[in-house]
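Source file: coords-v2.tsv (TSV, C-alpha atoms and all ligand atoms)
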chain	number	residue	atom	x	y	z
A	1	MET	CA	61.91	-23.49	87.38
A	2	SER	CA	63.45	-20.77	89.53
A	3	ILE	CA	62.40	-17.62	87.67
A	4	LEU	CA	58.75	-17.26	86.84
A	5	PRO	CA	58.53	-13.50	86.26
A	6	ASN	CA	56.02	-11.74	88.43
A	7	GLN	CA	54.40	-14.95	89.70
A	8	ASP	CA	55.00	-13.78	93.25
A	9	HIS	CA	53.58	-10.36	92.46
A	10	GLY	CA	49.97	-11.28	91.79
A	11	LYS	CA	47.84	-9.62	89.15
A	12	VAL	CA	49.69	-8.15	86.18
A	13	THR	CA	48.70	-4.54	85.62
A	14	VAL	CA	49.51	-1.84	83.09
A	15	PRO	CA	51.49	0.30	85.62
A	16	GLU	CA	53.45	-2.74	86.81
A	17	LEU	CA	54.45	-3.62	83.25
A	18	MET	CA	55.60	-0.06	82.64
A	19	GLN	CA	57.59	-0.05	85.90
A	20	ARG	CA	59.55	-3.10	84.82
A	21	LYS	CA	61.24	-0.93	82.24
A	22	ASN	CA	62.83	1.06	85.06
A	23	LEU	CA	64.41	-1.93	86.78
A	24	ALA	CA	68.20	-2.10	86.97
A	25	ALA	CA	69.66	-3.58	83.80
A	26	ASP	CA	70.91	-6.72	85.60
A	27	SER	CA	67.45	-7.67	86.87
A	28	ARG	CA	65.67	-6.75	83.66
A	29	ASN	CA	66.20	-10.13	82.02
A	30	ALA	CA	64.52	-11.93	84.88
A	31	ARG	CA	61.60	-9.51	84.53
A	32	LYS	CA	61.18	-9.76	80.76
A	33	VAL	CA	57.57	-9.46	79.73
A	34	THR	CA	56.10	-12.71	78.44
A	35	CYS	CA	53.13	-12.61	76.11
A	36	LEU	CA	51.25	-15.34	74.25
A	37	THR	CA	48.11	-15.42	72.17
A	38	ALA	CA	45.01	-17.32	73.29
A	39	TYR	CA	41.60	-17.60	71.73
A	40	ASP	CA	39.64	-19.93	74.03
A	41	TYR	CA	38.99	-20.73	77.69
A	42	PRO	CA	41.10	-23.88	78.27
A	43	THR	CA	44.14	-22.43	76.50
A	44	ALA	CA	43.84	-19.15	78.39
A	45	ARG	CA	43.79	-21.08	81.69
A	46	LEU	CA	46.93	-23.03	80.82
A	47	ILE	CA	48.77	-19.91	79.70
A	48	ASP	CA	47.76	-17.99	82.81
A	49	GLU	CA	48.77	-20.86	85.10
A	50	ALA	CA	52.18	-21.02	83.38
A	51	GLY	CA	52.89	-17.48	84.59
A	52	VAL	CA	52.66	-15.64	81.26
A	53	ASP	CA	52.20	-11.90	81.84
A	54	ILE	CA	50.01	-10.85	78.91
A	55	VAL	CA	47.39	-12.93	77.15
A	56	LEU	CA	46.74	-11.41	73.75
A	57	VAL	CA	43.52	-12.36	71.98
A	58	GLY	CA	45.25	-11.81	68.66
A	59	ASP	CA	43.44	-11.28	65.39
A	60	SER	CA	45.65	-14.21	64.33
A	61	VAL	CA	42.61	-16.17	65.56
A	62	ALA	CA	41.28	-15.58	62.03
A	63	MET	CA	44.04	-17.74	60.55
A	64	VAL	CA	44.95	-20.27	63.23
A	65	MET	CA	41.46	-21.01	64.57
A	66	LEU	CA	38.94	-19.93	61.95
A	67	GLY	CA	40.76	-21.03	58.81
A	68	TYR	CA	40.85	-17.68	56.97
A	69	ASP	CA	43.94	-17.04	54.86
A	70	SER	CA	44.58	-13.62	56.40
A	71	THR	CA	43.52	-11.66	59.48
A	72	LEU	CA	41.38	-9.26	57.43
A	73	PRO	CA	38.02	-11.11	57.41
A	74	LEU	CA	37.78	-11.32	61.22
A	75	THR	CA	34.65	-9.52	62.41
A	76	LEU	CA	34.20	-7.50	65.57
A	77	ASP	CA	31.66	-10.03	66.84
A	78	GLU	CA	34.05	-12.93	66.28
A	79	ALA	CA	36.84	-11.09	68.11
A	80	LEU	CA	34.51	-10.25	71.02
A	81	HIS	CA	33.34	-13.86	71.26
A	82	HIS	CA	36.92	-15.16	71.59
A	83	THR	CA	37.91	-12.40	74.03
A	84	LYS	CA	35.01	-13.34	76.33
A	85	ALA	CA	36.13	-16.98	76.39
A	86	VAL	CA	39.73	-16.01	77.16
A	87	ARG	CA	38.63	-13.60	79.89
A	88	ARG	CA	36.88	-16.46	81.70
A	89	GLY	CA	40.13	-18.45	81.77
A	90	VAL	CA	42.51	-15.76	83.04
A	91	GLN	CA	43.01	-14.62	86.61
A	92	ARG	CA	46.51	-13.18	86.81
A	93	ALA	CA	47.68	-12.09	83.35
A	94	LEU	CA	46.70	-8.87	81.62
A	95	VAL	CA	44.09	-9.58	78.93
A	96	VAL	CA	44.66	-7.56	75.75
A	97	ALA	CA	42.23	-7.73	72.83
A	98	ASP	CA	43.45	-7.15	69.29
A	99	MET	CA	41.02	-4.90	67.44
A	100	PRO	CA	40.16	-6.50	64.09
A	101	TYR	CA	40.63	-4.83	60.72
A	102	GLY	CA	37.82	-2.37	60.02
A	103	SER	CA	36.86	-1.88	63.67
A	104	TYR	CA	39.12	1.17	64.15
A	105	HIS	CA	39.69	2.45	60.61
A	106	GLY	CA	36.60	4.65	60.29
A	107	GLU	CA	35.25	7.50	62.39
A	108	ILE	CA	36.97	8.04	65.74
A	109	HIS	CA	33.72	7.84	67.74
A	110	GLU	CA	32.87	4.51	66.11
A	111	SER	CA	36.37	3.17	66.83
A	112	LEU	CA	36.04	4.31	70.43
A	113	ARG	CA	32.69	2.58	70.76
A	114	ASN	CA	34.15	-0.62	69.33
A	115	ALA	CA	37.10	-0.51	71.74
A	116	MET	CA	34.71	0.04	74.65
A	117	ARG	CA	32.83	-3.11	73.68
A	118	PHE	CA	36.03	-5.11	74.30
A	119	VAL	CA	36.25	-3.61	77.79
A	120	LYS	CA	32.57	-3.56	78.79
A	121	GLU	CA	31.25	-6.71	77.12
A	122	ALA	CA	34.31	-8.95	76.84
A	123	GLY	CA	36.32	-7.94	79.91
A	124	ALA	CA	39.53	-6.95	78.10
A	125	GLU	CA	41.88	-4.75	80.11
A	126	ALA	CA	43.52	-3.16	77.07
A	127	VAL	CA	43.29	-3.16	73.29
A	128	LYS	CA	45.97	-3.51	70.65
A	129	ILE	CA	45.83	-1.62	67.39
A	130	GLU	CA	48.19	-1.83	64.44
A	131	GLY	CA	49.93	1.10	62.77
A	132	GLY	CA	51.88	4.25	63.50
A	133	GLU	CA	51.21	7.84	62.49
A	134	ARG	CA	47.67	7.23	61.24
A	135	ARG	CA	46.59	5.91	64.67
A	136	LEU	CA	47.93	8.65	66.93
A	137	GLU	CA	44.69	10.59	67.34
A	138	LEU	CA	42.75	7.41	68.09
A	139	ILE	CA	45.35	6.27	70.62
A	140	SER	CA	45.10	9.54	72.57
A	141	ARG	CA	41.30	9.40	72.47
A	142	LEU	CA	41.33	5.81	73.74
A	143	THR	CA	43.69	6.59	76.60
A	144	GLU	CA	41.59	9.67	77.48
A	145	ALA	CA	38.68	7.25	77.67
A	146	GLU	CA	40.70	5.13	80.16
A	147	ILE	CA	41.41	2.32	77.70
A	148	PRO	CA	45.07	1.27	77.76
A	149	VAL	CA	46.47	0.76	74.27
A	150	MET	CA	49.23	-1.53	73.04
A	151	GLY	CA	50.75	-0.27	69.78
A	152	HIS	CA	52.06	-2.47	66.99
A	153	VAL	CA	54.56	-1.40	64.32
A	154	GLY	CA	56.93	-3.07	61.88
A	155	LEU	CA	55.15	-5.83	60.02
A	156	THR	CA	51.48	-5.14	60.63
A	157	PRO	CA	49.54	-8.04	59.09
A	158	GLN	CA	46.36	-5.98	58.64
A	159	SER	CA	48.28	-3.79	56.15
A	160	SER	CA	50.02	-6.70	54.39
A	161	THR	CA	48.31	-5.77	51.10
A	162	MET	CA	49.74	-2.24	51.32
A	163	LEU	CA	53.12	-3.59	52.44
A	164	GLY	CA	53.22	-6.07	49.53
A	165	GLY	CA	53.06	-9.18	51.72
A	166	PHE	CA	54.38	-10.43	55.04
A	167	LYS	CA	57.81	-8.82	54.78
A	168	THR	CA	60.48	-7.80	57.26
A	169	GLN	CA	60.27	-4.04	57.88
A	170	GLY	CA	62.97	-1.45	58.62
A	171	LYS	CA	65.56	-3.01	56.30
A	172	THR	CA	66.92	0.32	55.00
A	173	SER	CA	68.43	2.99	57.23
A	174	GLU	CA	65.62	5.38	56.34
A	175	ALA	CA	62.86	2.82	57.00
A	176	ALA	CA	64.54	1.85	60.28
A	177	ARG	CA	64.80	5.51	61.38
A	178	ARG	CA	61.11	5.96	60.54
A	179	LEU	CA	60.25	2.95	62.71
A	180	VAL	CA	62.09	4.50	65.67
A	181	GLU	CA	60.10	7.72	65.14
A	182	GLU	CA	56.83	5.85	64.86
A	183	ALA	CA	57.46	3.93	68.08
A	184	LEU	CA	58.26	7.20	69.88
A	185	GLU	CA	55.09	8.76	68.49
A	186	LEU	CA	53.03	5.82	69.74
A	187	GLU	CA	54.54	6.24	73.19
A	188	ALA	CA	53.85	9.99	73.15
A	189	ALA	CA	50.23	9.32	72.12
A	190	GLY	CA	49.81	7.13	75.22
A	191	CYS	CA	50.61	3.49	74.39
A	192	PHE	CA	51.66	1.50	77.47
A	193	ALA	CA	53.63	-1.00	75.35
A	194	VAL	CA	54.57	-1.42	71.71
A	195	VAL	CA	54.74	-4.66	69.72
A	196	LEU	CA	57.62	-4.71	67.21
A	197	GLU	CA	57.06	-7.33	64.53
A	198	ALA	CA	59.62	-8.60	62.01
A	199	VAL	CA	62.24	-5.88	62.24
A	200	PRO	CA	66.03	-6.34	62.30
A	201	ALA	CA	67.37	-7.06	65.81
A	202	PRO	CA	69.52	-3.88	66.03
A	203	VAL	CA	66.46	-1.79	65.17
A	204	GLY	CA	64.38	-3.56	67.85
A	205	ALA	CA	67.16	-2.96	70.38
A	206	GLU	CA	67.49	0.73	69.45
A	207	ILE	CA	63.74	1.32	69.79
A	208	THR	CA	63.82	-0.49	73.14
A	209	ARG	CA	66.62	1.76	74.40
A	210	ARG	CA	64.73	4.90	73.38
A	211	LEU	CA	61.26	4.06	74.66
A	212	ARG	CA	60.15	4.46	78.28
A	213	VAL	CA	57.41	1.87	77.79
A	214	PRO	CA	58.16	-1.83	77.17
A	215	THR	CA	58.68	-3.20	73.68
A	216	ILE	CA	57.25	-6.66	72.99
A	217	GLY	CA	59.11	-8.32	70.15
A	218	ILE	CA	58.04	-10.91	67.64
A	219	GLY	CA	60.90	-11.35	65.24
A	220	ALA	CA	62.57	-8.21	66.62
A	221	GLY	CA	65.52	-9.79	68.43
A	222	ALA	CA	66.51	-10.40	72.02
A	223	GLY	CA	66.97	-6.70	72.81
A	224	CYS	CA	63.25	-6.11	73.34
A	225	ASP	CA	61.72	-5.87	76.81
A	226	GLY	CA	59.45	-8.81	76.15
A	227	GLN	CA	58.43	-11.43	73.63
A	228	VAL	CA	55.18	-12.60	72.08
A	229	LEU	CA	54.43	-15.71	70.05
A	230	VAL	CA	51.31	-17.22	68.56
A	231	TYR	CA	50.34	-20.17	70.79
A	232	HIS	CA	49.76	-22.50	67.85
A	233	ASP	CA	53.21	-21.73	66.42
A	234	LEU	CA	54.93	-22.38	69.76
A	235	LEU	CA	53.23	-25.75	70.19
A	236	GLY	CA	53.69	-26.93	66.62
A	237	LEU	CA	50.00	-26.77	65.76
A	238	THR	CA	50.49	-24.54	62.72
A	239	GLU	CA	51.12	-26.28	59.43
A	240	GLY	CA	52.63	-24.86	56.24
A	241	HIS	CA	55.00	-21.88	56.25
A	242	ILE	CA	56.45	-21.08	59.67
A	243	PRO	CA	58.08	-17.65	60.08
A	244	ARG	CA	61.79	-17.55	61.00
A	245	PHE	CA	61.05	-15.95	64.36
A	246	VAL	CA	59.07	-18.93	65.66
A	247	LYS	CA	60.61	-21.32	68.14
A	248	ARG	CA	58.70	-24.58	68.44
A	249	TYR	CA	58.53	-26.04	71.93
A	250	ALA	CA	56.45	-29.08	70.97
A	251	ASN	CA	55.05	-30.88	67.94
A	252	LEU	CA	51.44	-31.21	68.97
A	253	SER	CA	50.14	-31.66	65.42
A	254	ARG	CA	52.05	-34.94	65.25
A	255	GLU	CA	50.86	-36.02	68.70
A	256	ILE	CA	47.25	-35.16	67.92
A	257	ARG	CA	47.39	-36.94	64.57
A	258	ASP	CA	48.88	-40.06	66.21
A	259	ALA	CA	46.18	-40.03	68.89
A	260	LEU	CA	43.36	-39.60	66.35
A	261	GLU	CA	44.67	-42.41	64.15
A	262	ALA	CA	44.96	-44.67	67.21
A	263	TYR	CA	41.33	-43.90	68.09
A	264	VAL	CA	40.12	-44.72	64.57
A	265	HIS	CA	42.14	-47.96	64.67
A	266	ASP	CA	40.80	-48.96	68.12
A	267	VAL	CA	37.15	-48.38	67.19
A	268	ARG	CA	37.49	-50.23	63.89
A	269	THR	CA	39.24	-53.20	65.49
A	270	GLY	CA	36.96	-53.34	68.55
A	271	THR	CA	39.84	-52.51	70.91
A	272	PHE	CA	37.85	-49.58	72.28
A	273	PRO	CA	35.63	-49.40	74.27
A	274	GLU	CA	36.86	-51.97	76.80
A	275	GLU	CA	35.12	-53.14	79.97
A	276	GLN	CA	36.61	-50.27	81.98
A	277	HIS	CA	34.85	-47.77	79.69
A	278	THR	CA	31.46	-49.51	80.00
A	279	TYR	CA	28.54	-49.15	82.45
A	280	THR	CA	26.99	-52.25	84.12
A	281	ILE	CA	23.47	-53.30	85.09
A	282	SER	CA	22.62	-55.76	87.88
A	283	ASP	CA	21.86	-59.38	86.86
A	284	GLY	CA	18.24	-59.09	88.06
A	285	GLU	CA	17.58	-55.89	86.11
A	286	LEU	CA	19.26	-57.38	83.05
A	287	GLU	CA	16.99	-60.44	83.18
A	288	ARG	CA	13.87	-58.27	83.47
A	289	PHE	CA	15.13	-56.06	80.67
A	290	GLU	CA	15.65	-59.05	78.37
A	291	GLU	CA	12.10	-60.26	79.11
A	292	ALA	CA	10.74	-56.77	78.48
A	293	VAL	CA	12.39	-56.38	75.08
A	294	GLU	CA	11.23	-59.81	73.96
A	295	SER	CA	7.73	-58.38	73.84
A	296	LEU	CA	9.02	-55.89	71.20
A	297	GLY	CA	9.62	-58.78	68.78
A	298	PRO	CA	12.93	-60.25	67.53
A	299	SER	CA	15.97	-58.01	67.11
A	300	ARG	CA	17.61	-57.74	63.71
A	301	ASP	CA	20.56	-60.09	64.35
A	401	LIG	O1	47.36	-11.33	66.20
A	401	LIG	C1	48.43	-11.64	66.73
A	401	LIG	O2	48.65	-12.80	67.08
A	401	LIG	C2	49.43	-10.59	66.91
A	401	LIG	C3	50.74	-10.98	67.51
A	401	LIG	C4	51.51	-11.83	66.61
A	401	LIG	C5	51.51	-9.80	67.96
A	401	LIG	O3	49.19	-9.47	66.59
Do you think you could lay out the structure here as structure tokens?
Ligand code: KIV
Amino acid sequence: MSILPNQDHGKVTVPELMQRKNLAADSRNARKVTCLTAYDYPTARLIDEAGVDIVLVGDSVAMVMLGYDSTLPLTLDEALHHTKAVRRGVQRALVVADMPYGSYHGEIHESLRNAMRFVKEAGAEAVKIEGGERRLELISRLTEAEIPVMGHVGLTPQSSTMLGGFKTQGKTSEAARRLVEEALELEAAGCFAVVLEAVPAPVGAEITRRLRVPTIGIGAGAGCDGQVLVYHDLLGLTEGHIPRFVKRYANLSREIRDALEAYVHDVRTGTFPEEQHTYTISDGELERFEEAVESLGPSRD
């Protein structure tokens, strides 16, 4: 593949991502920001080696890895545990940890302490928090404390109860205008990038034109500065309802199922293990072994 954004530029950093926004329009496509979620070490390694710019330890881990039916039950300790594993697998990409529901909704000093745990204990280079106006004070406090923050507006799954479900946002002119304002407010508060989730493409494009920091879209159209997807969605590992914005690049569920059924079949039919999977013992040692076990009495068959 000829264009692997930033692969020749070494470590992805917050300033470098922000600079990409200032590139000439014709080179901007080749420098689009790529982002994928990861929750474990081997996946993080593969994603990093593929040249992805940002590895997001999304709170989607709650649903795709831990089997919860929303992101809300994820605990701070669970999120830290997954971030540590991802950190060990990444060398080049920027590691961003999603702060789980409840870890930044209380007192500012407690939210700050929780964010610092992602940096100090888990090795995250930035945190992501959901929401607009209500998060502005926290975002400025985090950036004052040298913690880069990625914002997230539009459909924010942690507020799905308040939003009445997982619904596209910014569908009326007023709601769309409010989204533009919110994104600008996040930028002014100090966010180095803003995720736009499930908003109409023209709204995503308008926000992207107005912001000086990159927008990372998920269901926000091709006008954003970058894209993010959930790893399991991209590889066809998610079952059940798949959002419209997902593009599947593989059907790994089917491949895994086929492989597991073949294993069960092989063991049951004696096709596995074969000689090549088996360890040997010299003839002399085998003879002595057989004599030795005879003294234990007859075997059962
Ligand atoms: O948790 C997550 O995976 C996310 C992305 C979808 C942006 O927040």
Within 6 Å of ligand LIG 401 (chain A), which residues show up when you count only C-alpha atoms and all ligand atoms? List them as a PDB file with C-alpha atoms, in the coordinates of the input, please.
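What landed in selection05.pdb:
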ATOM      1  CA  THR A  37      48.110 -15.420  72.170  1.00  0.00           C
ATOM      2  CA  GLY A  58      45.250 -11.810  68.660  1.00  0.00           C
ATOM      3  CA  ASP A  59      43.440 -11.280  65.390  1.00  0.00           C
ATOM      4  CA  SER A  60      45.650 -14.210  64.330  1.00  0.00           C
ATOM      5  CA  LEU A 229      54.430 -15.710  70.050  1.00  0.00           C
ATOM      6  CA  VAL A 230      51.310 -17.220  68.560  1.00  0.00           C
TER       7      VAL A 230
END
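Of the listed residues (A:Val86, A:Glu130, A:Thr71, A:Glu110), A:Val86 comes nearest to Pro42 in chain A; the distances count only C-alpha atoms.
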Exercise for review: Please indicate the distance in Å from CA of Ala122 in chain A to CA of Lys21 in chain A, rounded to one decimal place.
Suggested key: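 Computing it gives 28.6 Å between the two atoms.
Between CA of His109 in chain A and CA of Thr156 in chain A the interatomic distance comes to 23.1 Å.
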Exercise for review: Would you kindly return, as number ranges by chain, each protein, DNA or RNA residue with an atom no farther than 10 Å from any atom of Lys32 in chain A, considering all atoms listed in the file and excluding same-chain residues fewer than 5 positions away?
Suggested key: A: 4-6, 17, 20-21, 27, 53, 214-216, 224-227
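The space separating CA of Leu155 in chain A from CA of Ala198 in chain A comes to 5.6 Å.
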Review point. Thr168 in chain A: which residues within 9 Å, counting all atoms listed in the file, same-chain residues fewer than 3 positions away excluded, as a list in words?
Key: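 These residues fall inside the cut-off: Gly154, Leu155, Lys171, Glu197, Ala198, Val199, Pro200 and Gly219 of chain A.
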Study note, to complete from the structure: If you count all atoms listed in the file, the residue of A:Met150, A:Phe245, A:Leu237, A:Asn22 closest to Ala201 in chain A turns out to be A:Phe245
Review point. Of the candidates A:Arg178, A:His82, A:Lys247, A:Arg141, which shows the shortest atom-to-atom distance to Val153 in chain A, using all atoms listed in the file?
Key: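 Ranked by minimum distance to Val153 in chain A, first place goes to A:Arg178.
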Check your understanding: How would you write as number ranges by chain the residues that get within 12 Å of (39.3, 3.8, 68.4) in the file's frame, counting all atoms listed in the file?
Key -> A: 98-118, 126-130, 134-149
Exercise for review: May I ask which of the residues A:Ala205, A:Leu94, A:Val64, A:Val195 is the closest one to Val228 in chain A, counting all atoms listed in the file?
Suggested key: A:Val195
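Each of A:Arg210, A:Tyr231, A:Glu182, A:Lys167 was compared to Val55 in chain A using only C-alpha atoms, and A:Tyr231 turns out to be the nearest.
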Please identify all polymer residues lying at most 10 Å from the point (61.2, 5.8, 78.1) (file coordinates), using all atoms listed in the file, and present the result as a compact mmCIF listing (two decimals) with C-alpha atoms, keeping the file's coordinate frame.
# COMPACT_ATOMS: atom_id res chain seq x y z
CA MET A 18 55.60 -0.06 82.64
CA LYS A 21 61.24 -0.93 82.24
CA ASN A 22 62.83 1.06 85.06
CA LEU A 184 58.26 7.20 69.88
CA GLU A 187 54.54 6.24 73.19
CA ALA A 188 53.85 9.99 73.15
CA ILE A 207 63.74 1.32 69.79
CA THR A 208 63.82 -0.49 73.14
CA ARG A 209 66.62 1.76 74.40
CA ARG A 210 64.73 4.90 73.38
CA LEU A 211 61.26 4.06 74.66
CA ARG A 212 60.15 4.46 78.28
CA VAL A 213 57.41 1.87 77.79
CA PRO A 214 58.16 -1.83 77.17
Review point. Contacts of Ala124 in chain A at 6 Å or less, counting only C-alpha atoms, minus same-chain residues fewer than 4 places along, as a PyMOL selection string?
Key: chain A and resi 95-97+118-119
Please, could N, CA and C atoms be added to range 112-131 of chain A and the result written as a short mmCIF file (atom, residue, chain, number, x, y, z; two decimals), in the coordinates of the input?
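Below you can see rebuild.cif, which holds the result:
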data_model
loop_
_atom_site.label_atom_id
_atom_site.label_comp_id
_atom_site.auth_asym_id
_atom_site.auth_seq_id
_atom_site.Cartn_x
_atom_site.Cartn_y
_atom_site.Cartn_z
N LEU A 112 36.09 4.25 68.97
CA LEU A 112 36.04 4.31 70.43
C LEU A 112 34.96 3.38 70.98
N ARG A 113 33.80 3.44 70.32
CA ARG A 113 32.69 2.58 70.76
C ARG A 113 33.07 1.11 70.63
N ASN A 114 33.74 0.78 69.53
CA ASN A 114 34.15 -0.62 69.33
C ASN A 114 35.15 -1.06 70.40
N ALA A 115 36.10 -0.17 70.71
CA ALA A 115 37.10 -0.51 71.74
C ALA A 115 36.41 -0.70 73.09
N MET A 116 35.42 0.15 73.37
CA MET A 116 34.71 0.04 74.65
C MET A 116 33.97 -1.28 74.76
N ARG A 117 33.53 -1.81 73.64
CA ARG A 117 32.83 -3.11 73.68
C ARG A 117 33.78 -4.20 74.18
N PHE A 118 35.07 -4.11 73.81
CA PHE A 118 36.03 -5.11 74.30
C PHE A 118 36.17 -5.02 75.82
N VAL A 119 36.09 -3.79 76.35
CA VAL A 119 36.25 -3.61 77.79
C VAL A 119 34.95 -3.98 78.52
N LYS A 120 33.84 -3.40 78.06
CA LYS A 120 32.57 -3.56 78.79
C LYS A 120 31.95 -4.94 78.61
N GLU A 121 31.95 -5.45 77.39
CA GLU A 121 31.25 -6.71 77.12
C GLU A 121 32.16 -7.92 77.27
N ALA A 122 33.44 -7.76 76.89
CA ALA A 122 34.31 -8.95 76.84
C ALA A 122 35.31 -9.00 77.98
N GLY A 123 35.43 -7.92 78.74
CA GLY A 123 36.32 -7.94 79.91
C GLY A 123 37.80 -7.75 79.59
N ALA A 124 38.12 -7.23 78.41
CA ALA A 124 39.53 -6.95 78.10
C ALA A 124 40.01 -5.80 78.97
N GLU A 125 41.31 -5.83 79.29
CA GLU A 125 41.88 -4.75 80.11
C GLU A 125 42.61 -3.73 79.26
N ALA A 126 42.84 -4.07 78.00
CA ALA A 126 43.52 -3.16 77.07
C ALA A 126 43.21 -3.64 75.66
N VAL A 127 43.45 -2.76 74.69
CA VAL A 127 43.29 -3.16 73.29
C VAL A 127 44.62 -2.96 72.57
N LYS A 128 44.79 -3.71 71.51
CA LYS A 128 45.97 -3.51 70.65
C LYS A 128 45.48 -3.04 69.29
N ILE A 129 46.15 -2.04 68.75
CA ILE A 129 45.83 -1.62 67.39
C ILE A 129 47.12 -1.52 66.59
N GLU A 130 47.01 -1.83 65.31
CA GLU A 130 48.19 -1.83 64.44
C GLU A 130 48.37 -0.47 63.79
N GLY A 131 49.64 -0.10 63.56
CA GLY A 131 49.93 1.10 62.77
C GLY A 131 50.55 2.21 63.59
#
